[in-house]
$ cat entry_16.cif   # mmCIF, C-alpha atoms
data_data
#
loop_
_atom_site.group_PDB
_atom_site.id
_atom_site.type_symbol
_atom_site.label_atom_id
_atom_site.label_comp_id
_atom_site.auth_asym_id
_atom_site.auth_seq_id
_atom_site.Cartn_x
_atom_site.Cartn_y
_atom_site.Cartn_z
ATOM 1 C CA MET C 1256 10.558 -0.504 -12.696
ATOM 2 C CA THR C 1257 10.157 -4.026 -11.374
ATOM 3 C CA ALA C 1258 8.411 -5.748 -8.483
ATOM 4 C CA GLU C 1259 11.848 -6.637 -7.138
ATOM 5 C CA LEU C 1260 12.707 -2.943 -6.803
ATOM 6 C CA PHE C 1261 9.357 -2.176 -5.190
ATOM 7 C CA ASN C 1262 9.729 -5.022 -2.684
ATOM 8 C CA LYS C 1263 13.254 -3.923 -1.763
ATOM 9 C CA ILE C 1264 12.023 -0.424 -0.919
ATOM 10 C CA PHE C 1265 8.898 -1.664 0.869
ATOM 11 C CA LYS C 1266 11.043 -3.847 3.133
ATOM 12 C CA GLU C 1267 13.419 -0.958 3.779
ATOM 13 C CA SER C 1268 10.550 1.326 4.757
ATOM 14 C CA ILE C 1269 8.924 -1.276 7.027
ATOM 15 C CA GLU C 1270 12.183 -2.009 8.796
ATOM 16 C CA LYS C 1271 12.958 1.688 9.297
ATOM 17 C CA TYR C 1272 9.505 2.237 10.788
ATOM 18 C CA HIS C 1273 9.960 -0.582 13.287
ATOM 19 C CA VAL C 1274 13.234 0.781 14.642
ATOM 20 C CA LYS C 1275 11.120 3.214 16.686
ATOM 21 C CA ASN C 1276 7.703 1.630 16.079
ATOM 22 C CA ASP C 1277 6.008 4.965 16.715
ATOM 23 C CA ILE C 1278 3.046 6.226 14.677
ATOM 24 C CA GLU C 1279 4.109 9.839 15.284
ATOM 25 C CA GLN C 1280 7.646 9.539 13.932
ATOM 26 C CA GLN C 1281 8.616 11.467 10.819
ATOM 27 C CA ASN C 1282 8.853 9.753 7.466
ATOM 28 C CA PRO C 1283 12.628 9.423 6.822
ATOM 29 C CA ASN C 1284 12.330 8.927 3.050
ATOM 30 C CA PRO C 1285 15.946 8.881 1.772
ATOM 31 C CA TYR C 1286 15.116 8.990 -1.933
ATOM 32 C CA LYS C 1287 15.104 11.922 -4.294
ATOM 33 C CA LYS C 1288 11.682 13.402 -5.005
ATOM 34 C CA GLU C 1289 10.054 12.673 -8.350
ATOM 35 C CA THR C 1290 11.615 9.194 -8.470
ATOM 36 C CA VAL C 1291 9.778 5.893 -8.328
ATOM 37 C CA GLU C 1292 11.838 4.992 -5.251
ATOM 38 C CA HIS C 1293 10.544 8.066 -3.414
ATOM 39 C CA LEU C 1294 6.968 7.178 -4.294
ATOM 40 C CA MET C 1295 7.367 3.562 -3.166
ATOM 41 C CA PHE C 1296 8.959 4.500 0.148
ATOM 42 C CA ASN C 1297 6.118 6.929 0.870
ATOM 43 C CA LYS C 1298 3.559 4.304 -0.138
ATOM 44 C CA SER C 1299 4.949 1.736 2.278
ATOM 45 C CA TRP C 1300 5.377 4.294 5.059
ATOM 46 C CA ILE C 1301 1.732 5.371 4.866
ATOM 47 C CA ASP C 1302 0.615 1.735 4.854
ATOM 48 C CA THR C 1303 2.857 0.833 7.787
ATOM 49 C CA VAL C 1304 1.685 3.704 9.970
ATOM 50 C CA GLN C 1305 -1.922 2.903 9.122
ATOM 51 C CA TRP C 1306 -1.379 -0.777 9.968
ATOM 52 C CA HIS C 1307 -0.492 0.250 13.514
ATOM 53 C CA LEU C 1308 -3.294 2.799 13.726
ATOM 54 C CA GLU C 1309 -5.721 0.005 12.856
ATOM 55 C CA ASP C 1310 -4.271 -2.048 15.725
ATOM 56 C CA ILE C 1311 -4.651 0.831 18.183
ATOM 57 C CA ILE C 1312 -8.272 1.610 17.320
ATOM 58 C CA ARG C 1313 -9.247 -2.020 17.996
ATOM 59 C CA ASP C 1314 -8.174 -1.784 21.633
ATOM 60 C CA PRO C 1315 -11.373 -2.757 23.540
ATOM 61 C CA ASN C 1316 -10.378 -0.346 26.319
ATOM 62 C CA ILE C 1317 -9.742 2.661 24.104
ATOM 63 C CA LYS C 1318 -11.507 5.839 25.231
ATOM 64 C CA PRO C 1319 -14.155 7.163 22.814
ATOM 65 C CA GLU C 1320 -12.350 10.492 22.352
ATOM 66 C CA LYS C 1321 -9.111 8.687 21.482
ATOM 67 C CA ALA C 1322 -10.936 6.336 19.120
ATOM 68 C CA LEU C 1323 -12.464 9.302 17.291
ATOM 69 C CA GLU C 1324 -9.064 10.977 17.051
ATOM 70 C CA ILE C 1325 -7.497 7.821 15.602
ATOM 71 C CA LYS C 1326 -10.431 7.293 13.223
ATOM 72 C CA ARG C 1327 -9.930 10.760 11.766
ATOM 73 C CA ILE C 1328 -6.205 10.096 11.343
ATOM 74 C CA ILE C 1329 -7.064 6.849 9.541
ATOM 75 C CA ASP C 1330 -9.519 8.692 7.283
ATOM 76 C CA LYS C 1331 -6.800 11.152 6.275
ATOM 77 C CA SER C 1332 -4.339 8.316 5.810
ATOM 78 C CA ASN C 1333 -6.779 6.525 3.496
ATOM 79 C CA GLN C 1334 -7.122 9.654 1.387
ATOM 80 C CA ASP C 1335 -3.322 10.097 1.293
ATOM 81 C CA ARG C 1336 -2.982 6.455 0.267
ATOM 82 C CA THR C 1337 -5.478 6.839 -2.570
ATOM 83 C CA ASP C 1338 -3.839 10.036 -3.796
ATOM 84 C CA LEU C 1339 -0.431 8.362 -3.764
ATOM 85 C CA VAL C 1340 -1.692 5.341 -5.703
ATOM 86 C CA GLU C 1341 -2.937 7.720 -8.396
ATOM 87 C CA ASP C 1342 0.455 9.497 -8.375
ATOM 88 C CA ILE C 1343 2.177 6.142 -8.916
ATOM 89 C CA ASP C 1344 -0.094 5.362 -11.862
ATOM 90 C CA ASP C 1345 0.644 8.789 -13.321
ATOM 91 C CA PHE C 1346 4.382 8.065 -12.966
ATOM 92 C CA VAL C 1347 4.092 4.647 -14.617
ATOM 93 C CA PHE C 1348 1.927 5.913 -17.467
ATOM 94 C CA GLU C 1349 4.208 8.912 -18.049
ATOM 95 C CA ALA C 1350 7.153 6.524 -18.361
ATOM 96 C CA ASN C 1351 5.209 4.636 -21.050
ATOM 97 C CA LYS C 1352 3.628 7.619 -22.802
ATOM 98 C CA ASN C 1353 5.430 6.905 -26.085
ATOM 99 C CA THR C 1354 4.192 3.310 -26.256
ATOM 100 C CA GLU C 1355 1.591 2.819 -28.947
ATOM 101 C CA PRO C 1356 -1.081 0.308 -27.875
ATOM 102 C CA LYS C 1357 -1.445 -2.627 -30.244
ATOM 103 C CA PRO C 1358 -4.748 -2.976 -32.162
ATOM 104 C CA ASN C 1359 -5.746 -5.880 -29.911
ATOM 105 C CA ALA C 1360 -4.570 -4.198 -26.683
ATOM 106 C CA ARG C 1361 -6.834 -4.862 -23.738
ATOM 107 C CA ILE C 1362 -7.885 -2.696 -20.815
ATOM 108 C CA ASN C 1363 -6.724 -4.306 -17.604
ATOM 109 C CA THR C 1364 -9.176 -4.621 -14.713
ATOM 110 C CA GLU C 1365 -6.574 -3.190 -12.344
ATOM 111 C CA THR C 1366 -4.034 -0.428 -12.881
ATOM 112 C CA PRO C 1367 -0.365 -1.077 -12.054
ATOM 113 C CA ALA C 1368 -0.489 1.154 -8.973
ATOM 114 C CA TRP C 1369 -3.444 -0.654 -7.404
ATOM 115 C CA ALA C 1370 -1.594 -3.937 -7.876
ATOM 116 C CA ILE C 1371 1.471 -2.304 -6.301
ATOM 117 C CA ASP C 1372 -0.766 -1.147 -3.438
ATOM 118 C CA ARG C 1373 -1.676 -4.790 -2.774
ATOM 119 C CA LEU C 1374 2.017 -5.723 -2.894
ATOM 120 C CA SER C 1375 2.847 -3.074 -0.291
ATOM 121 C CA ILE C 1376 0.180 -4.445 2.057
ATOM 122 C CA LEU C 1377 1.349 -7.994 1.405
ATOM 123 C CA ASN C 1378 4.873 -7.037 2.506
ATOM 124 C CA LEU C 1379 3.377 -5.789 5.781
ATOM 125 C CA LYS C 1380 1.372 -8.978 6.278
ATOM 126 C CA ILE C 1381 4.502 -11.057 5.769
ATOM 127 C CA TYR C 1382 6.538 -8.925 8.175
ATOM 128 C CA HIS C 1383 3.987 -9.192 10.965
ATOM 129 C CA MET C 1384 3.068 -12.830 10.362
ATOM 130 C CA ARG C 1385 6.754 -13.730 10.497
ATOM 131 C CA GLU C 1386 6.917 -11.934 13.849
ATOM 132 C CA GLU C 1387 4.095 -14.177 15.069
ATOM 133 C CA THR C 1388 6.007 -17.299 14.062
ATOM 134 C CA GLN C 1389 8.976 -16.123 16.143
ATOM 135 C CA ARG C 1390 7.155 -15.312 19.374
ATOM 136 C CA THR C 1391 8.666 -16.994 22.404
ATOM 137 C CA ASP C 1392 5.522 -16.462 24.489
ATOM 138 C CA ALA C 1393 3.160 -18.204 22.046
ATOM 139 C CA THR C 1394 1.928 -21.791 22.099
ATOM 140 C CA GLU C 1395 3.239 -24.440 19.731
ATOM 141 C CA GLN C 1396 -0.196 -24.502 18.078
ATOM 142 C CA HIS C 1397 -0.013 -20.742 17.460
ATOM 143 C CA ILE C 1398 3.442 -21.099 15.887
ATOM 144 C CA LYS C 1399 2.243 -23.896 13.606
ATOM 145 C CA LYS C 1400 -0.884 -21.964 12.566
ATOM 146 C CA THR C 1401 0.977 -18.748 11.823
ATOM 147 C CA THR C 1402 3.746 -20.636 9.994
ATOM 148 C CA LEU C 1403 1.142 -22.128 7.663
ATOM 149 C CA LYS C 1404 -0.335 -18.656 7.100
ATOM 150 C CA LEU C 1405 3.120 -17.223 6.448
ATOM 151 C CA ASN C 1406 3.778 -19.873 3.801
ATOM 152 C CA VAL C 1407 0.537 -18.929 2.030
ATOM 153 C CA LEU C 1408 1.487 -15.240 2.157
ATOM 154 C CA LEU C 1409 4.929 -16.007 0.735
ATOM 155 C CA GLN C 1410 3.331 -17.860 -2.177
ATOM 156 C CA GLN C 1411 0.990 -14.922 -2.765
ATOM 157 C CA PHE C 1412 4.051 -12.670 -2.672
ATOM 158 C CA GLU C 1413 5.765 -14.659 -5.428
ATOM 159 C CA ASP C 1414 2.603 -14.770 -7.554
ATOM 160 C CA LEU C 1415 1.742 -11.095 -7.168
ATOM 161 C CA SER C 1416 5.325 -9.980 -7.837
ATOM 162 C CA LEU C 1417 5.328 -12.010 -11.049
ATOM 163 C CA ALA C 1418 1.910 -10.680 -12.065
ATOM 164 C CA ILE C 1419 3.050 -7.073 -11.549
ATOM 165 C CA ASN C 1420 6.167 -7.666 -13.663
ATOM 166 C CA GLN C 1421 3.974 -9.161 -16.389
ATOM 167 C CA LEU C 1422 1.573 -6.220 -16.181
ATOM 168 C CA LEU C 1423 4.383 -3.670 -16.474
ATOM 169 C CA GLU C 1424 5.885 -5.624 -19.383
ATOM 170 C CA ASP C 1425 2.512 -5.736 -21.139
ATOM 171 C CA LEU C 1426 2.181 -1.980 -20.664
ATOM 172 C CA THR C 1427 5.645 -1.350 -22.108
ATOM 173 C CA ASN C 1428 4.954 -3.668 -25.051
ATOM 174 C CA GLY C 1429 1.593 -2.069 -25.850
ATOM 175 C CA ASN C 1430 -0.415 -5.167 -24.934
ATOM 176 C CA ILE C 1431 -2.607 -3.203 -22.547
ATOM 177 C CA ILE C 1432 -4.094 0.288 -22.627
ATOM 178 C CA ALA C 1433 -3.039 2.565 -19.784
ATOM 179 C CA LYS C 1434 -5.777 4.560 -18.114
ATOM 180 C CA THR C 1435 -5.998 6.165 -14.703
ATOM 181 C CA TYR C 1436 -9.456 6.214 -13.210
ATOM 182 C CA LYS C 1437 -9.503 8.669 -10.329
ATOM 183 C CA GLN C 1438 -11.282 7.311 -7.273
ATOM 184 C CA MET C 1439 -13.644 10.296 -6.998
ATOM 185 C CA LYS C 1440 -14.043 9.753 -3.258
ATOM 186 C CA MET C 1441 -16.894 11.913 -2.036
ATOM 187 C CA TYR C 1442 -16.936 11.559 1.734
ATOM 188 C CA ASN C 1443 -13.822 13.719 2.305
ATOM 189 C CA ASP C 1444 -15.020 16.533 0.033
ATOM 190 C CA ASP C 1445 -16.953 19.273 1.818
ATOM 191 C CA GLU C 1446 -18.786 20.060 -1.436
ATOM 192 C CA LEU C 1447 -19.824 16.471 -2.158
ATOM 193 C CA ASN C 1448 -20.504 15.130 1.337
ATOM 194 C CA PRO C 1449 -23.811 16.707 2.486
ATOM 195 C CA VAL C 1450 -22.865 16.383 6.164
ATOM 196 C CA LEU C 1451 -19.617 18.300 5.650
ATOM 197 C CA ARG C 1452 -21.373 20.814 3.419
ATOM 198 C CA MET C 1453 -23.937 21.579 6.100
ATOM 199 C CA ALA C 1454 -21.196 21.889 8.737
ATOM 200 C CA LYS C 1455 -19.405 24.669 6.837
#

$ encode --input "entry_16.cif" --output "structure tokens"
Amino acid sequence: MTAELFNKIFKESIEKYHVKNDIEQQNPNPYKKETVEHLMFNKSWIDTVQWHLEDIIRDPNIKPEKALEIKRIIDKSNQDRTDLVEDIDDFVFEANKNTEPKPNARINTETPAWAIDRLSILNLKIYHMREETQRTDATEQHIKKTTLKLNVLLQQFEDLSLAINQLLEDLTNGNIIAKTYKQMKMYNDDELNPVLRMAK
């Protein structure tokens, strides 16, 4: 497991989505279930669909009923995203279950999967910012501004990829302690959200 592998699959997923560029298309994940590749493709697919849902809901002319429909799809997508991040952490920690933490091992402030989540989103930012730099209908000022932003994103991409590789290496070497902290989101749970509980 390396950031290079994750980035390769993220780019593949993003490009496959944009062939049709349709939020209702089926996820064409080509990888075998219970593999890290399958998890990463799903992660990027969820993020890519949600990226475009977030664009749609910001349409100033959107009808209220449509906005509510999209908002509920986004809510479900956010829950799916969180669940998948936790699945990725479970996969990573299972792969390292025989590693004995060193006596001075530290607890990292961020789990591998939440760092990978940021990397998935960063791949999307780069894809769409690069599109902006290639627009033929944009002003020269717009191209310059978005090119500068793209360069910053590309530097972040290099730094985050390296940091994830270092984090995974530290985990494998026992330099950090692996723990999954479930998000415990309450607003989607009809037993924990009082509004949903009353609506039952």

$ residues_around --input "entry_16.cif" --residues "C:Lys1399" --least-positions-apart "5" --cutoff "9 Å" --atoms "all atoms listed in the file" --output "list of chain:residue names"
C:Thr1388, C:Thr1394, C:Lys1404

$ residues_around --input "entry_16.cif" --residues "C:Lys1321" --least-positions-apart "5" --cutoff "10 Å" --atoms "all atoms listed in the file" --output "PyMOL selection string"
chain C and resi 1311-1312+1326-1327

$ atom_distance --input "entry_16.cif" --atom1 "atom CA of C:Ala1370" --atom2 "atom CA of C:Ile1419"
6.7 Å

$ resolve_selection --input "entry_16.cif" --expression "the PyMOL selection byres ((chain C and resi 1350-1367) around 9)" --output "PyMOL selection string"
chain C and resi 1343-1349+1368-1372+1419+1422-1423+1426-1436

$ closest_residue --input "entry_16.cif" --among "C:Thr1401, C:Tyr1272, C:Asn1297, C:Glu1424" --to "C:Asn1284" --atoms "all atoms listed in the file"
C:Asn1297

$ resolve_selection --input "entry_16.cif" --expression "the PyMOL selection byres ((chain C and resi 1332) around 12)" --output "ChimeraX atom specification"
/C:1278,1297-1309,1325-1331,1333-1339,1443

$ atom_distance --input "entry_16.cif" --atom1 "atom CA of C:Lys1400" --atom2 "atom CA of C:Glu1387"
9.6 Å

$ resolve_selection --input "entry_16.cif" --expression "the PyMOL selection byres ((chain C and resi 1408) around 10)" --output "list of chain:residue names"
C:Leu1377, C:Asn1378, C:Lys1380, C:Ile1381, C:Met1384, C:Arg1385, C:Thr1402, C:Leu1403, C:Lys1404, C:Leu1405, C:Asn1406, C:Val1407, C:Leu1409, C:Gln1410, C:Gln1411, C:Phe1412, C:Glu1413, C:Asp1414

$ atom_distance --input "entry_16.cif" --atom1 "atom CA of C:Asn1276" --atom2 "atom CA of C:Phe1261"
21.7 Å

$ closest_residue --input "entry_16.cif" --among "C:Lys1271, C:Met1295, C:Leu1260, C:Pro1283" --to "C:Ile1376" --atoms "all atoms listed in the file"
C:Met1295

$ closest_residue --input "entry_16.cif" --among "C:Met1256, C:Ala1322, C:Lys1288, C:Leu1294" --to "C:Ser1268" --atoms "only C-alpha atoms"
C:Leu1294

$ closest_residue --input "entry_16.cif" --among "C:Phe1296, C:Asp1314, C:Ala1258, C:Glu1279" --to "C:Gln1421" --atoms "all atoms listed in the file"
C:Ala1258

$ closest_residue --input "entry_16.cif" --among "C:Arg1313, C:Asp1392, C:Tyr1382, C:Thr1257" --to "C:Glu1270" --atoms "only C-alpha atoms"
C:Tyr1382

$ decode --input "entry_16.cif" --residues "stretch 1274-1298 of chain C" --atoms "N, CA and C atoms" --output "CSV table (one decimal), in the first residue's frame"
chain,number,residue,atom,x,y,z
C,1274,VAL,N,-16.2,10.5,-18.1
C,1274,VAL,CA,-16.6,10.1,-19.5
C,1274,VAL,C,-18.0,10.4,-19.7
C,1275,LYS,N,-18.9,10.1,-18.8
C,1275,LYS,CA,-20.3,10.5,-18.9
C,1275,LYS,C,-20.6,11.7,-18.1
C,1276,ASN,N,-19.9,12.0,-17.0
C,1276,ASN,CA,-20.1,13.2,-16.2
C,1276,ASN,C,-21.6,13.3,-15.7
C,1277,ASP,N,-22.1,12.2,-15.2
C,1277,ASP,CA,-23.5,12.1,-14.8
C,1277,ASP,C,-23.6,11.5,-13.4
C,1278,ILE,N,-24.2,12.3,-12.5
C,1278,ILE,CA,-24.2,11.9,-11.1
C,1278,ILE,C,-25.1,10.6,-10.8
C,1279,GLU,N,-25.9,10.2,-11.8
C,1279,GLU,CA,-26.7,9.0,-11.7
C,1279,GLU,C,-26.1,7.8,-12.3
C,1280,GLN,N,-24.9,7.9,-12.9
C,1280,GLN,CA,-24.3,6.7,-13.5
C,1280,GLN,C,-23.9,5.7,-12.4
C,1281,GLN,N,-23.8,4.4,-12.8
C,1281,GLN,CA,-23.4,3.4,-11.9
C,1281,GLN,C,-21.9,3.4,-11.7
C,1282,ASN,N,-21.5,3.1,-10.5
C,1282,ASN,CA,-20.1,2.9,-10.1
C,1282,ASN,C,-19.5,1.7,-10.9
C,1283,PRO,N,-18.5,1.9,-11.8
C,1283,PRO,CA,-18.0,0.8,-12.6
C,1283,PRO,C,-16.8,0.2,-12.0
C,1284,ASN,N,-16.7,0.1,-10.7
C,1284,ASN,CA,-15.5,-0.4,-10.0
C,1284,ASN,C,-15.0,-1.7,-10.6
C,1285,PRO,N,-13.8,-1.7,-11.2
C,1285,PRO,CA,-13.3,-2.9,-11.9
C,1285,PRO,C,-12.5,-3.9,-11.0
C,1286,TYR,N,-12.3,-3.5,-9.7
C,1286,TYR,CA,-11.4,-4.3,-8.8
C,1286,TYR,C,-12.2,-5.3,-8.0
C,1287,LYS,N,-11.5,-6.3,-7.6
C,1287,LYS,CA,-12.0,-7.4,-6.8
C,1287,LYS,C,-12.4,-6.9,-5.4
C,1288,LYS,N,-13.5,-7.3,-4.9
C,1288,LYS,CA,-13.9,-6.9,-3.6
C,1288,LYS,C,-12.9,-7.4,-2.6
C,1289,GLU,N,-12.9,-6.7,-1.4
C,1289,GLU,CA,-12.0,-7.0,-0.3
C,1289,GLU,C,-10.5,-6.8,-0.7
C,1290,THR,N,-10.3,-5.9,-1.7
C,1290,THR,CA,-8.9,-5.5,-2.0
C,1290,THR,C,-8.8,-4.0,-1.7
C,1291,VAL,N,-7.6,-3.5,-1.5
C,1291,VAL,CA,-7.4,-2.1,-1.2
C,1291,VAL,C,-7.8,-1.3,-2.5
C,1292,GLU,N,-7.5,-1.9,-3.6
C,1292,GLU,CA,-7.9,-1.2,-4.9
C,1292,GLU,C,-9.4,-0.9,-5.0
C,1293,HIS,N,-10.2,-1.9,-4.6
C,1293,HIS,CA,-11.6,-1.8,-4.6
C,1293,HIS,C,-12.1,-0.7,-3.7
C,1294,LEU,N,-11.5,-0.6,-2.5
C,1294,LEU,CA,-11.8,0.4,-1.5
C,1294,LEU,C,-11.5,1.8,-2.1
C,1295,MET,N,-10.3,1.9,-2.7
C,1295,MET,CA,-9.9,3.2,-3.1
C,1295,MET,C,-10.7,3.7,-4.3
C,1296,PHE,N,-11.1,2.8,-5.2
C,1296,PHE,CA,-11.9,3.2,-6.3
C,1296,PHE,C,-13.3,3.7,-5.8
C,1297,ASN,N,-13.9,3.0,-4.9
C,1297,ASN,CA,-15.1,3.4,-4.3
C,1297,ASN,C,-15.0,4.7,-3.6
C,1298,LYS,N,-13.9,4.9,-2.9
C,1298,LYS,CA,-13.7,6.2,-2.2
C,1298,LYS,C,-13.7,7.4,-3.1
